[in-house]
Structure formats: C-alpha cells, structure tokens
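J.: Sharing final01.pdb, PDB, C-alpha atoms:
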```pdb
ATOM      1  CA  MET A 176     -23.103  -8.490  26.794
ATOM      2  CA  VAL A 177     -21.002  -7.581  23.770
ATOM      3  CA  SER A 178     -20.762 -11.186  22.648
ATOM      4  CA  LEU A 179     -24.550 -11.443  22.958
ATOM      5  CA  ALA A 180     -24.985  -8.432  20.681
ATOM      6  CA  ILE A 181     -22.467  -9.885  18.230
ATOM      7  CA  SER A 182     -24.248 -13.240  18.058
ATOM      8  CA  PHE A 183     -27.584 -11.459  17.623
ATOM      9  CA  LEU A 184     -26.237  -9.409  14.707
ATOM     10  CA  LEU A 185     -24.532 -12.416  13.124
ATOM     11  CA  GLY A 186     -27.793 -14.354  13.404
ATOM     12  CA  LEU A 187     -29.693 -11.571  11.656
ATOM     13  CA  MET A 188     -27.023 -11.454   8.935
ATOM     14  CA  LEU A 189     -27.339 -15.203   8.388
ATOM     15  CA  LEU A 190     -31.113 -14.833   8.207
ATOM     16  CA  SER A 191     -30.913 -12.059   5.620
ATOM     17  CA  VAL A 192     -28.481 -14.078   3.488
ATOM     18  CA  PHE A 193     -30.852 -17.058   3.393
ATOM     19  CA  ALA A 194     -33.688 -14.677   2.557
ATOM     20  CA  VAL A 195     -31.627 -13.335  -0.368
ATOM     21  CA  ILE A 196     -31.073 -16.871  -1.660
ATOM     22  CA  ALA A 197     -34.771 -17.751  -1.391
ATOM     23  CA  MET A 198     -35.934 -14.483  -2.976
ATOM     24  CA  ARG A 199     -37.084 -14.659  -6.615
ATOM     25  CA  ASN A 200     -37.635 -10.924  -6.970
ATOM     26  CA  LEU A 201     -34.302  -9.243  -7.615
ATOM     27  CA  PHE A 202     -35.435  -5.868  -6.281
ATOM     28  CA  ALA A 203     -36.258  -7.354  -2.868
ATOM     29  CA  ALA A 204     -33.002  -9.318  -2.911
ATOM     30  CA  ILE A 205     -30.981  -6.125  -3.460
ATOM     31  CA  ILE A 206     -32.740  -4.333  -0.610
ATOM     32  CA  LEU A 207     -32.010  -7.325   1.615
ATOM     33  CA  LEU A 208     -28.348  -7.115   0.622
ATOM     34  CA  GLY A 209     -28.402  -3.482   1.709
ATOM     35  CA  ILE A 210     -29.830  -4.553   5.054
ATOM     36  CA  TYR A 211     -27.057  -7.151   5.283
ATOM     37  CA  SER A 212     -24.458  -4.402   4.826
ATOM     38  CA  LEU A 213     -26.122  -2.219   7.428
ATOM     39  CA  LEU A 214     -26.058  -5.128   9.892
ATOM     40  CA  ALA A 215     -22.373  -5.607   9.110
ATOM     41  CA  ALA A 216     -21.835  -1.909   9.881
ATOM     42  CA  ALA A 217     -23.630  -2.351  13.221
ATOM     43  CA  LEU A 218     -21.410  -5.357  13.914
ATOM     44  CA  PHE A 219     -18.279  -3.273  13.288
ATOM     45  CA  MET A 220     -19.696  -0.634  15.631
ATOM     46  CA  THR A 221     -20.033  -3.171  18.449
ATOM     47  CA  LEU A 222     -16.432  -4.194  17.754
ATOM     48  CA  ASP A 223     -15.402  -0.513  18.208
ATOM     49  CA  ALA A 224     -14.164  -0.253  14.612
ATOM     50  CA  VAL A 225     -15.917   3.056  13.950
ATOM     51  CA  ASP A 226     -14.063   3.992  10.761
ATOM     52  CA  VAL A 227     -14.744   0.616   9.177
ATOM     53  CA  ALA A 228     -18.397   0.789  10.201
ATOM     54  CA  PHE A 229     -18.669   4.230   8.649
ATOM     55  CA  THR A 230     -17.241   2.990   5.367
ATOM     56  CA  GLU A 231     -19.416  -0.114   5.360
ATOM     57  CA  ALA A 232     -22.591   1.900   5.962
ATOM     58  CA  ALA A 233     -21.755   4.475   3.285
ATOM     59  CA  VAL A 234     -20.351   2.170   0.604
ATOM     60  CA  GLY A 235     -21.942  -1.201   1.306
ATOM     61  CA  ALA A 236     -25.428  -0.138   2.303
ATOM     62  CA  GLY A 237     -25.538   3.116   0.334
ATOM     63  CA  ILE A 238     -23.637   3.389  -2.928
ATOM     64  CA  SER A 239     -23.353  -0.259  -3.938
ATOM     65  CA  THR A 240     -27.078  -0.840  -3.350
ATOM     66  CA  ILE A 241     -27.833   2.135  -5.609
ATOM     67  CA  LEU A 242     -25.396   0.900  -8.269
ATOM     68  CA  ILE A 243     -26.890  -2.604  -8.288
ATOM     69  CA  LEU A 244     -30.378  -1.072  -8.474
ATOM     70  CA  ALA A 245     -29.235   0.994 -11.467
ATOM     71  CA  THR A 246     -27.988  -2.208 -13.079
ATOM     72  CA  LEU A 247     -31.423  -3.680 -12.492
ATOM     73  CA  LEU A 248     -32.804  -1.090 -14.929
ATOM     74  CA  HIS A 249     -31.009  -2.982 -17.698
ATOM     75  CA  VAL A 250     -31.628  -6.591 -16.725
ATOM     76  CA  GLY A 251     -35.221  -6.727 -15.415
ATOM     77  CA  HIS A 252     -36.736  -7.604 -12.061
ATOM     78  CA  ASP A 253     -37.314 -11.331 -11.947
ATOM     79  CA  THR A 254     -35.156 -14.411 -12.180
ATOM     80  CA  LYS A 255     -36.312 -17.502 -13.999
ATOM     81  CA  ALA A 256     -38.355 -19.558 -11.583
ATOM     82  CA  LYS A 257     -36.446 -22.801 -11.723
ATOM     83  CA  LYS A 258     -35.442 -24.559  -8.571
ATOM     84  CA  ILE A 259     -33.417 -27.520  -9.743
ATOM     85  CA  ILE A 260     -30.552 -28.194  -7.334
ATOM     86  CA  LYS A 261     -27.446 -29.280  -9.212
ATOM     87  CA  PRO A 262     -25.284 -31.619  -7.123
ATOM     88  CA  ALA A 263     -21.818 -30.708  -8.439
ATOM     89  CA  PRO A 264     -21.909 -26.939  -7.652
ATOM     90  CA  LEU A 265     -23.585 -27.642  -4.302
ATOM     91  CA  LEU A 266     -20.824 -30.061  -3.324
ATOM     92  CA  LEU A 267     -18.157 -27.592  -4.453
ATOM     93  CA  VAL A 268     -19.695 -24.773  -2.417
ATOM     94  CA  LEU A 269     -20.064 -26.982   0.656
ATOM     95  CA  ALA A 270     -16.447 -28.170   0.355
ATOM     96  CA  VAL A 271     -15.076 -24.632   0.027
ATOM     97  CA  GLY A 272     -17.279 -23.468   2.917
ATOM     98  CA  ALA A 273     -16.042 -26.321   5.102
ATOM     99  CA  LEU A 274     -12.444 -25.420   4.236
ATOM    100  CA  LEU A 275     -13.052 -21.803   5.223
ATOM    101  CA  VAL A 276     -14.583 -22.839   8.545
ATOM    102  CA  TYR A 277     -11.620 -25.163   9.085
ATOM    103  CA  GLY A 278      -9.349 -22.193   8.409
ATOM    104  CA  THR A 279     -11.000 -20.098  11.109
ATOM    105  CA  LEU A 280     -10.088 -22.712  13.732
ATOM    106  CA  ASP A 281      -6.496 -21.503  13.522
ATOM    107  CA  LEU A 282      -7.399 -17.866  14.205
ATOM    108  CA  PRO A 283      -6.401 -16.410  17.586
ATOM    109  CA  GLU A 284      -9.050 -16.452  20.277
ATOM    110  CA  PHE A 285     -11.614 -13.642  19.895
ATOM    111  CA  GLY A 286     -11.114 -10.677  22.220
ATOM    112  CA  ASN A 287      -8.085 -12.086  24.016
ATOM    113  CA  ALA A 288      -5.703  -9.316  25.177
ATOM    114  CA  GLN A 289      -2.724 -11.681  24.830
ATOM    115  CA  ASN A 290      -3.204 -11.987  21.065
ATOM    116  CA  ARG A 291      -0.300 -11.203  18.755
ATOM    117  CA  VAL A 292      -1.913  -8.023  17.343
ATOM    118  CA  HIS A 293      -2.343  -6.440  20.744
ATOM    119  CA  GLN A 294       1.118  -7.395  21.956
ATOM    120  CA  SER A 295       3.163  -6.515  18.884
ATOM    121  CA  GLU A 296       5.698  -3.715  18.931
ATOM    122  CA  ILE A 297       4.198  -1.838  15.980
ATOM    123  CA  THR A 298       0.731  -1.621  17.605
ATOM    124  CA  ARG A 299       2.250  -0.073  20.709
ATOM    125  CA  HIS A 300       4.259   2.326  18.552
ATOM    126  CA  TYR A 301       1.185   3.523  16.652
ATOM    127  CA  LEU A 302      -0.940   3.937  19.767
ATOM    128  CA  GLU A 303       1.670   5.602  21.979
ATOM    129  CA  LYS A 304       4.024   7.497  19.680
ATOM    130  CA  SER A 305       1.744   8.862  16.943
ATOM    131  CA  PRO A 306      -0.883  11.078  18.709
ATOM    132  CA  GLY A 307      -0.316  14.047  21.004
ATOM    133  CA  LYS A 308       1.560  17.328  20.737
ATOM    134  CA  ASN A 309       4.985  15.715  20.761
ATOM    135  CA  GLY A 310       3.884  12.643  18.808
ATOM    136  CA  GLU A 311       5.084  11.696  15.365
ATOM    137  CA  ILE A 312       1.870  12.660  13.591
ATOM    138  CA  GLY A 313       0.097  14.726  16.228
ATOM    139  CA  ILE A 314      -3.534  13.987  15.365
ATOM    140  CA  PRO A 315      -5.855  12.078  17.709
ATOM    141  CA  ASN A 316      -7.366   9.605  15.218
ATOM    142  CA  VAL A 317      -4.715   6.915  14.883
ATOM    143  CA  VAL A 318      -6.608   5.267  12.010
ATOM    144  CA  THR A 319      -6.194   8.410   9.911
ATOM    145  CA  SER A 320      -2.521   8.672  10.879
ATOM    146  CA  ILE A 321      -1.893   5.135   9.684
ATOM    147  CA  LEU A 322      -3.937   5.392   6.475
ATOM    148  CA  ALA A 323      -2.759   8.817   5.340
ATOM    149  CA  SER A 324       0.747   9.047   6.709
ATOM    150  CA  TYR A 325       2.420   5.821   7.831
ATOM    151  CA  ARG A 326       0.779   3.894   4.997
ATOM    152  CA  GLY A 327       0.514   6.762   2.528
ATOM    153  CA  TYR A 328       1.857   4.653  -0.329
ATOM    154  CA  ASP A 329      -0.952   2.120   0.052
ATOM    155  CA  THR A 330      -3.611   4.804   0.054
ATOM    156  CA  LEU A 331      -2.083   6.355  -3.074
ATOM    157  CA  GLY A 332      -2.351   2.940  -4.729
ATOM    158  CA  GLU A 333      -5.944   2.642  -3.519
ATOM    159  CA  VAL A 334      -6.929   5.993  -5.006
ATOM    160  CA  THR A 335      -5.293   5.006  -8.276
ATOM    161  CA  VAL A 336      -7.291   1.756  -8.276
ATOM    162  CA  VAL A 337     -10.540   3.692  -7.760
ATOM    163  CA  PHE A 338      -9.584   6.002 -10.633
ATOM    164  CA  CYS A 339      -8.784   3.020 -12.858
ATOM    165  CA  ALA A 340     -12.168   1.486 -12.000
ATOM    166  CA  ALA A 341     -13.839   4.598 -13.373
ATOM    167  CA  ILE A 342     -11.760   4.399 -16.564
ATOM    168  CA  GLY A 343     -12.666   0.720 -16.916
ATOM    169  CA  VAL A 344     -16.382   1.329 -16.506
ATOM    170  CA  MET A 345     -16.238   4.303 -18.881
ATOM    171  CA  SER A 346     -14.549   2.230 -21.568
ATOM    172  CA  LEU A 347     -17.111  -0.569 -21.112
ATOM    173  CA  LEU A 348     -20.274   1.526 -20.942
ATOM    174  CA  GLY A 349     -19.226   4.167 -23.449
ATOM    175  CA  GLY A 350     -18.508   7.155 -21.239
ATOM    176  CA  LEU A 351     -15.347   7.859 -23.204
ATOM    177  CA  ARG A 352     -17.211   8.143 -26.509
ATOM    178  CA  LYS A 353     -18.122  11.535 -27.877
ATOM    179  CA  LYS A 354     -21.749  12.506 -27.391
ATOM    180  CA  LYS A 355     -22.304  13.679 -30.985
ATOM    181  CA  LYS A 356     -21.807  10.242 -32.463
ATOM    182  CA  GLN A 357     -24.771   8.747 -30.706
ATOM    183  CA  THR A 358     -27.305  11.403 -31.677
ATOM    184  CA  THR A 359     -26.710  10.628 -35.358
ATOM    185  CA  VAL A 360     -27.364   6.934 -34.730
ATOM    186  CA  SER A 361     -31.043   5.922 -34.417
ATOM    187  CA  ASN A 362     -33.120   8.128 -32.169
ATOM    188  CA  ASP A 363     -35.937   5.691 -31.343
ATOM    189  CA  SER A 364     -34.801   5.150 -27.733
ATOM    190  CA  THR A 365     -35.717   8.582 -26.456
ATOM    191  CA  THR A 366     -34.023   9.531 -23.247
ATOM    192  CA  ASP A 367     -36.410   8.956 -20.380
ATOM    193  CA  SER A 368     -33.690   7.874 -18.010
ATOM    194  CA  ALA A 369     -33.869   7.766 -14.218
ATOM    195  CA  SER A 370     -37.629   7.736 -14.064
TER
ATOM    196  CA  MET B 198     -40.368  10.792  -9.278
ATOM    197  CA  LYS B 199     -40.737  14.419 -10.305
ATOM    198  CA  HIS B 200     -44.403  14.577  -9.330
ATOM    199  CA  HIS B 201     -43.950  13.463  -5.706
ATOM    200  CA  LEU B 202     -44.257  16.708  -3.764
ATOM    201  CA  VAL B 203     -43.238  15.292  -0.387
ATOM    202  CA  LEU B 204     -40.165  13.595  -1.820
ATOM    203  CA  ARG B 205     -39.083  16.761  -3.576
ATOM    204  CA  VAL B 206     -39.447  18.945  -0.478
ATOM    205  CA  VAL B 207     -37.699  16.435   1.778
ATOM    206  CA  ALA B 208     -34.902  15.974  -0.749
ATOM    207  CA  LYS B 209     -34.402  19.724  -0.983
ATOM    208  CA  LEU B 210     -34.062  19.849   2.790
ATOM    209  CA  LEU B 211     -31.803  16.817   2.971
ATOM    210  CA  ILE B 212     -29.332  17.443   0.134
ATOM    211  CA  PRO B 213     -27.620  20.510   1.670
ATOM    212  CA  SER B 214     -27.221  18.786   5.022
ATOM    213  CA  ILE B 215     -25.832  15.653   3.346
ATOM    214  CA  LEU B 216     -23.244  17.745   1.506
ATOM    215  CA  LEU B 217     -22.421  19.639   4.685
ATOM    216  CA  PHE B 218     -22.020  16.387   6.603
ATOM    217  CA  ALA B 219     -19.714  15.153   3.843
ATOM    218  CA  LEU B 220     -17.519  18.232   4.281
ATOM    219  CA  TYR B 221     -17.528  17.703   8.060
ATOM    220  CA  THR B 222     -16.447  14.096   7.552
ATOM    221  CA  GLN B 223     -13.743  15.268   5.161
ATOM    222  CA  PHE B 224     -12.142  17.838   7.414
ATOM    223  CA  HIS B 225     -12.847  16.245  10.785
ATOM    224  CA  GLY B 226     -11.235  12.927   9.863
ATOM    225  CA  ASP B 227      -8.168  13.840  11.914
ATOM    226  CA  TYR B 228     -10.202  13.990  15.115
ATOM    227  CA  GLY B 229     -13.106  11.614  14.687
ATOM    228  CA  PRO B 230     -14.076   8.757  12.428
ATOM    229  CA  GLY B 231     -14.089   9.609   8.759
ATOM    230  CA  GLY B 232     -11.733  10.814   6.096
ATOM    231  CA  GLY B 233     -11.555  11.368   2.378
ATOM    232  CA  PHE B 234     -13.039   8.054   1.305
ATOM    233  CA  GLN B 235     -16.174   8.209   3.436
ATOM    234  CA  ALA B 236     -16.622  11.911   2.718
ATOM    235  CA  GLY B 237     -16.381  11.305  -1.011
ATOM    236  CA  VAL B 238     -19.007   8.595  -0.884
ATOM    237  CA  ILE B 239     -21.396  10.743   1.173
ATOM    238  CA  TYR B 240     -20.844  13.726  -1.141
ATOM    239  CA  ALA B 241     -21.692  11.533  -4.120
ATOM    240  CA  ALA B 242     -24.759  10.234  -2.272
ATOM    241  CA  GLY B 243     -26.117  13.785  -2.036
ATOM    242  CA  PHE B 244     -25.950  14.166  -5.812
ATOM    243  CA  ILE B 245     -27.381  10.678  -6.342
ATOM    244  CA  LEU B 246     -30.394  11.627  -4.209
ATOM    245  CA  HIS B 247     -30.812  14.705  -6.386
ATOM    246  CA  ALA B 248     -30.670  12.539  -9.510
ATOM    247  CA  LEU B 249     -33.202  10.061  -8.125
ATOM    248  CA  VAL B 250     -35.740  12.735  -7.227
ATOM    249  CA  PHE B 251     -35.244  15.409  -9.916
ATOM    250  CA  GLY B 252     -34.052  13.228 -12.786
ATOM    251  CA  LEU B 253     -30.587  12.462 -14.096
ATOM    252  CA  GLU B 254     -30.643  15.192 -16.719
ATOM    253  CA  SER B 255     -31.060  18.015 -14.207
ATOM    254  CA  THR B 256     -28.217  16.617 -12.070
ATOM    255  CA  LYS B 257     -26.028  16.494 -15.170
ATOM    256  CA  LYS B 258     -26.626  20.203 -15.645
ATOM    257  CA  ILE B 259     -25.241  20.900 -12.153
ATOM    258  CA  MET B 260     -22.440  18.353 -12.298
ATOM    259  CA  PRO B 261     -21.621  17.430 -15.901
ATOM    260  CA  LEU B 262     -19.688  14.291 -16.797
ATOM    261  CA  TRP B 263     -16.729  16.155 -18.281
ATOM    262  CA  LEU B 264     -16.220  17.994 -14.975
ATOM    263  CA  LEU B 265     -16.312  14.704 -13.058
ATOM    264  CA  LYS B 266     -13.678  13.228 -15.365
ATOM    265  CA  ILE B 267     -11.387  16.179 -14.644
ATOM    266  CA  LEU B 268     -12.067  16.024 -10.879
ATOM    267  CA  SER B 269     -11.366  12.295 -10.656
ATOM    268  CA  ALA B 270      -7.980  12.785 -12.295
ATOM    269  CA  LEU B 271      -7.331  15.911 -10.223
ATOM    270  CA  GLY B 272      -7.703  13.945  -6.975
ATOM    271  CA  VAL B 273      -4.987  11.471  -7.915
ATOM    272  CA  MET B 274      -2.865  14.403  -9.059
ATOM    273  CA  VAL B 275      -3.270  16.249  -5.733
ATOM    274  CA  TYR B 276      -2.264  13.098  -3.843
ATOM    275  CA  ALA B 277       0.727  12.272  -6.008
ATOM    276  CA  GLY B 278       1.604  15.972  -6.206
ATOM    277  CA  THR B 279       1.863  16.143  -2.417
ATOM    278  CA  GLY B 280       4.315  13.273  -2.586
ATOM    279  CA  LEU B 281       6.299  14.908  -5.363
ATOM    280  CA  THR B 282       6.395  18.214  -3.500
ATOM    281  CA  SER B 283       8.056  16.593  -0.513
ATOM    282  CA  LEU B 284      10.403  14.850  -2.938
ATOM    283  CA  LEU B 285      11.346  18.196  -4.509
ATOM    284  CA  LEU B 286      11.899  19.707  -1.061
ATOM    285  CA  GLY B 287      14.580  17.147  -0.452
ATOM    286  CA  ARG B 288      12.760  14.541   1.638
ATOM    287  CA  PRO B 289      11.451  11.068   0.703
ATOM    288  CA  PHE B 290       8.244  10.678  -1.352
ATOM    289  CA  LEU B 291       5.113  11.436   0.749
ATOM    290  CA  ASP B 292       7.199  12.549   3.738
ATOM    291  CA  TYR B 293       5.027  15.353   5.093
ATOM    292  CA  TYR B 294       7.684  16.746   7.429
ATOM    293  CA  ALA B 295       9.033  18.519   4.350
ATOM    294  CA  LEU B 296       5.868  20.634   3.983
ATOM    295  CA  ALA B 297       6.024  22.544   7.280
ATOM    296  CA  GLU B 298       7.717  22.616  10.666
ATOM    297  CA  GLY B 299       7.324  19.365  12.611
ATOM    298  CA  VAL B 300       3.851  18.072  13.343
ATOM    299  CA  HIS B 301       2.198  20.839  11.286
ATOM    300  CA  GLY B 302       3.719  19.332   8.182
ATOM    301  CA  GLN B 303       1.967  16.068   8.993
ATOM    302  CA  GLU B 304      -1.357  17.838   9.490
ATOM    303  CA  LEU B 305      -1.013  19.751   6.219
ATOM    304  CA  GLY B 306       0.086  16.667   4.316
ATOM    305  CA  ILE B 307      -2.752  14.538   5.656
ATOM    306  CA  MET B 308      -5.287  17.253   4.826
ATOM    307  CA  LEU B 309      -4.038  17.551   1.224
ATOM    308  CA  VAL B 310      -3.921  13.820   0.739
ATOM    309  CA  GLU B 311      -7.415  13.317   2.133
ATOM    310  CA  LEU B 312      -8.644  16.100  -0.137
ATOM    311  CA  GLY B 313      -7.239  14.214  -3.111
ATOM    312  CA  VAL B 314      -8.930  11.002  -1.960
ATOM    313  CA  GLY B 315     -12.217  12.874  -1.500
ATOM    314  CA  PHE B 316     -12.094  14.401  -5.010
ATOM    315  CA  THR B 317     -11.359  11.117  -6.708
ATOM    316  CA  VAL B 318     -13.772   8.943  -4.736
ATOM    317  CA  SER B 319     -16.755  11.303  -4.993
ATOM    318  CA  SER B 320     -16.340  11.913  -8.708
ATOM    319  CA  VAL B 321     -15.693   8.241  -9.506
ATOM    320  CA  MET B 322     -18.805   7.187  -7.585
ATOM    321  CA  LEU B 323     -20.852   9.735  -9.523
ATOM    322  CA  ILE B 324     -19.330   8.653 -12.848
ATOM    323  CA  LEU B 325     -20.262   5.043 -12.083
ATOM    324  CA  PHE B 326     -23.798   6.082 -11.134
ATOM    325  CA  TYR B 327     -24.234   8.243 -14.245
ATOM    326  CA  LEU B 328     -23.094   5.480 -16.573
ATOM    327  CA  PHE B 329     -25.165   2.763 -14.934
ATOM    328  CA  ALA B 330     -28.301   4.872 -14.623
ATOM    329  CA  ASP B 331     -28.095   6.434 -18.090
ATOM    330  CA  GLN B 332     -29.897   4.153 -20.499
ATOM    331  CA  GLY B 333     -29.235   6.375 -23.504
ATOM    332  CA  THR B 334     -25.475   6.122 -23.739
ATOM    333  CA  GLU B 335     -24.947   2.450 -23.207
ATOM    334  CA  GLU B 336     -26.391   1.196 -26.490
TER
END
```
Please render this file's structure as structure tokens.
T.:
Amino acid sequence: MVSLAISFLLGLMLLSVFAVIAMRNLFAAIILLGIYSLLAAALFMTLDAVDVAFTEAAVGAGISTILILATLLHVGHDTKAKKIIKPAPLLLVLAVGALLVYGTLDLPEFGNAQNRVHQSEITRHYLEKSPGKNGEIGIPNVVTSILASYRGYDTLGEVTVVFCAAIGVMSLLGGLRKKKKQTTVSNDSTTDSAS
Amino acid sequence: MKHHLVLRVVAKLLIPSILLFALYTQFHGDYGPGGGFQAGVIYAAGFILHALVFGLESTKKIMPLWLLKILSALGVMVYAGTGLTSLLLGRPFLDYYALAEGVHGQELGIMLVELGVGFTVSSVMLILFYLFADQGTEE
C-alpha cells in the first residue's frame, strides 16, 4: 500500500517535471515547480519523515516559489520560442543521468529493517537514550534533539550560512547601500513595486 | 491587489493565524514536528502575504529593513551566545547541561537555540523577499 502511494507520487512528480520542461510560459513553469515541491512533501509524509516534509512544504513550495516569482518581475514572463535540440548538452545530460541511476543500484534495499542505518549503534542510542525523563535530552522529538543538541555545531553553521546568504544578496541587490543616495539619482522609475 | 476586497478580508483573517501557527511551530518543536527553521519560514510567509495583498511599502512600515538586518544578526548572536554561556560556565561549547540542572538545561538550551534559528531564518527570508520584490532599489 505504501509502495503504491510512493510510486503514484513519484509518477506525478515525473509528470510535473516534464510539464515544466515543455512549458514556454515561465509563470506556469514556476507554479508547476511549486506543485513538484508539494508532491515531494507528500512523499516525505508517506515515508514518515514529518519534519522534512514540513520544511519542504514551507520552503520548497512556499518561500522559494514566491522568491522565483519575485525574480520574474525583473526578467519577464516568456522564454524565446526556439526548440532546437543541441546534441552535445543532451548527450552530457543523458550520460550524467545514467551515472546517477547506476549509482542508485548500490544503495541498500528500500525499507529493509536489516539495513545499516537501522542496525547501527548510534541510531539505537538516539532512539533509546535521548527521550524520556531519565534520557540524555529528555524531549520526545528525537529529530529536534539531534538537530539542536547532539549536532548543535552543525546547526550553528547552518544558521551562519543563512545569515551569510542574506549578506550576499544585500551586497548584490543593493540592500547595504544608503537610501538617500538613490533618491538623488534619476527619479523617473517611480516606485510602484509589488503591484 | 489593493482593490480586491475578498483578498484583503481573507488576508486579514489569515495573517494572525499564520503568525500564531508559526509561534506554535517554534515552541512546540520539542514535542511535535517543527522547530526554529520551519517556524521562521512560516512567520516570514505571514508578512509576505501582507506584502502581496497590501503592497510592499505598507509592510515595510510594520517591519522595516533596518530592523530585519538587526534581527538576522541577533539570531546568530543568540545561538552563539548560548554556546559561549556554557563555555563561560565551565563546560564545553554548546553543552546545555551547564545552563540548568540535568535535563532542564537541555530543554532551556534547545529553546534558546531554536529561538536564534527562528530570528535569523524569518528575517533573512523577509530580507530576500524585500530585495527581490523591490524594483526601486535594485537599479
């Protein structure tokens, strides 16, 4: 039953990706990408990865769709309608895709309880020792225990990366500049933003 | 979209509940799915909805860019500050047992750290949205 749901969702994801490729209108393509992310979130839900699904739905389907749409304000709605297939990039993409599929053949069998992840000592430690009144962390959500406590260094690095992303975008798009400078420069582009 | 009456009314109803849900996600991350990252994104989404319906300028009056810059840095500072506090109390960096007795130290530490993540993520998402959506500043 679960594998049926997974194949159904994967099929829909594949369909939406091909629709994105065929789409000439960028607006429709972005909305389809949002749908793709939402399907991915549903897929994570069926795999019982609730935290990941939550993040995927909020970031993938929500914020990034909005950000790409905001970018669309600057670049226009339509792509150039040319459909010439160039052989060299196509071959490259097919070769890399084939390599990736070849790589998945080495992955452990899906859903097998004997897999390394389920049998390893550290998994058992996290699941048995961390929650509960006498546990090491004492909170029921093991994912939060791992992210915020056991792997606190990684999350600190992650937050710093997010902060640096904001600094990068500000330095590229002029958020660090003082506002006064730009009012003295030409005023012909009156601010009618976010219409 | 300022002239769409239905959109405005629905947005006014939705925005408070989105922000409330973000706070729930923030502080309930210990017990259910969620945490600082997701909460930050949802909190930013509430403001983005406001900007889409009422215009970017009116959102900037509520949540100006200079405040977001401070908040984004503050989040990283809260996180790193939690680590430094445990360092000053004589335990390793980010060891929450230093903050309070036993498991309570872990709970306190995780709450502070997630708060830092929430501050940074929500303000960074809003900064990105402001800069991409604002056509005036980028030229």
J.: Near A:Leu247, within 10 Å and counting all atoms listed in the file, which residues show up once chain neighbours fewer than 4 positions away are dropped, as an mmCIF file with C-alpha atoms, in the coordinates of the input?
T.:
```cif
data_model
loop_
_atom_site.group_PDB
_atom_site.id
_atom_site.type_symbol
_atom_site.label_atom_id
_atom_site.label_comp_id
_atom_site.auth_asym_id
_atom_site.auth_seq_id
_atom_site.Cartn_x
_atom_site.Cartn_y
_atom_site.Cartn_z
ATOM 1 C CA LEU A 201 -34.302 -9.243 -7.615
ATOM 2 C CA PHE A 202 -35.435 -5.868 -6.281
ATOM 3 C CA ILE A 205 -30.981 -6.125 -3.460
ATOM 4 C CA ILE A 241 -27.833 2.135 -5.609
ATOM 5 C CA LEU A 242 -25.396 0.900 -8.269
ATOM 6 C CA ILE A 243 -26.890 -2.604 -8.288
ATOM 7 C CA GLY A 251 -35.221 -6.727 -15.415
ATOM 8 C CA HIS A 252 -36.736 -7.604 -12.061
ATOM 9 C CA ASP A 253 -37.314 -11.331 -11.947
ATOM 10 C CA PHE B 329 -25.165 2.763 -14.934
ATOM 11 C CA ALA B 330 -28.301 4.872 -14.623
#
```
J.: Counting all atoms listed in the file, which residue out of A:Pro315, A:Gly332, A:Gly343, A:Gly327 sits closest to B:Val310?
T.: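 Closest to B:Val310 of all the choices is A:Gly327.
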J.: Which value, in Å to one decimal, gives the distance between atom CA of A:Val276 and atom CA of A:Leu185?
T.: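 Taking atom CA of A:Val276 and atom CA of A:Leu185, their separation equals 15.1 Å.
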J.: Please provide as a PyMOL selection string all residues within 12 Å of stretch 279-289 of chain B, with the sequence filter that same-chain residues fewer than 2 positions apart are discarded (counting only C-alpha atoms).
T.: (chain A and resi 323-324+327-328+330-331) or (chain B and resi 272-277+291-297+302-303+305-314)
J.: As a PyMOL selection string, could you give me every residue of chain B near chain A (at most 7 Å apart, counting all atoms listed in the file)?
T.: chain B and resi 198+226-231+235+238-239+242+249+252-253+269+273+276+291+300+303+307+310+314+317-318+321+324-326+328-335
J.: Need the shell around A:Gly286: protein/DNA/RNA residues with any atom at most 10 Å away, counting all atoms listed in the file. Skip same-chain ones fewer than 6 positions apart. Format as a PyMOL selection string?
T.: chain A and resi 178+222+293
J.: What does the distance from atom CA of A:Leu213 to atom CA of B:Ala248 come to in Å, to one decimal?
T.: 22.9 Å
J.: Contacts of B:Phe218 at 12 Å or less, counting all atoms listed in the file, minus same-chain residues fewer than 2 places along, as an NGL selection string?
T.: :B and (211-216 or 220-226 or 231-232 or 235-243)
J.: With C-alpha atoms retained, write the just-selected residues as a compact mmCIF listing (two decimals), in the coordinates of the input.
T.:
```txt
# COMPACT_ATOMS: atom_id res chain seq x y z
CA LEU B 211 -31.80 16.82 2.97
CA ILE B 212 -29.33 17.44 0.13
CA PRO B 213 -27.62 20.51 1.67
CA SER B 214 -27.22 18.79 5.02
CA ILE B 215 -25.83 15.65 3.35
CA LEU B 216 -23.24 17.74 1.51
CA LEU B 220 -17.52 18.23 4.28
CA TYR B 221 -17.53 17.70 8.06
CA THR B 222 -16.45 14.10 7.55
CA GLN B 223 -13.74 15.27 5.16
CA PHE B 224 -12.14 17.84 7.41
CA HIS B 225 -12.85 16.24 10.78
CA GLY B 226 -11.24 12.93 9.86
CA GLY B 231 -14.09 9.61 8.76
CA GLY B 232 -11.73 10.81 6.10
CA GLN B 235 -16.17 8.21 3.44
CA ALA B 236 -16.62 11.91 2.72
CA GLY B 237 -16.38 11.30 -1.01
CA VAL B 238 -19.01 8.60 -0.88
CA ILE B 239 -21.40 10.74 1.17
CA TYR B 240 -20.84 13.73 -1.14
CA ALA B 241 -21.69 11.53 -4.12
CA ALA B 242 -24.76 10.23 -2.27
CA GLY B 243 -26.12 13.78 -2.04
```
J.: One number please: atom CA of B:Gly233 to atom CA of B:Ala270, in Å, one decimal.
T.: 15.2 Å
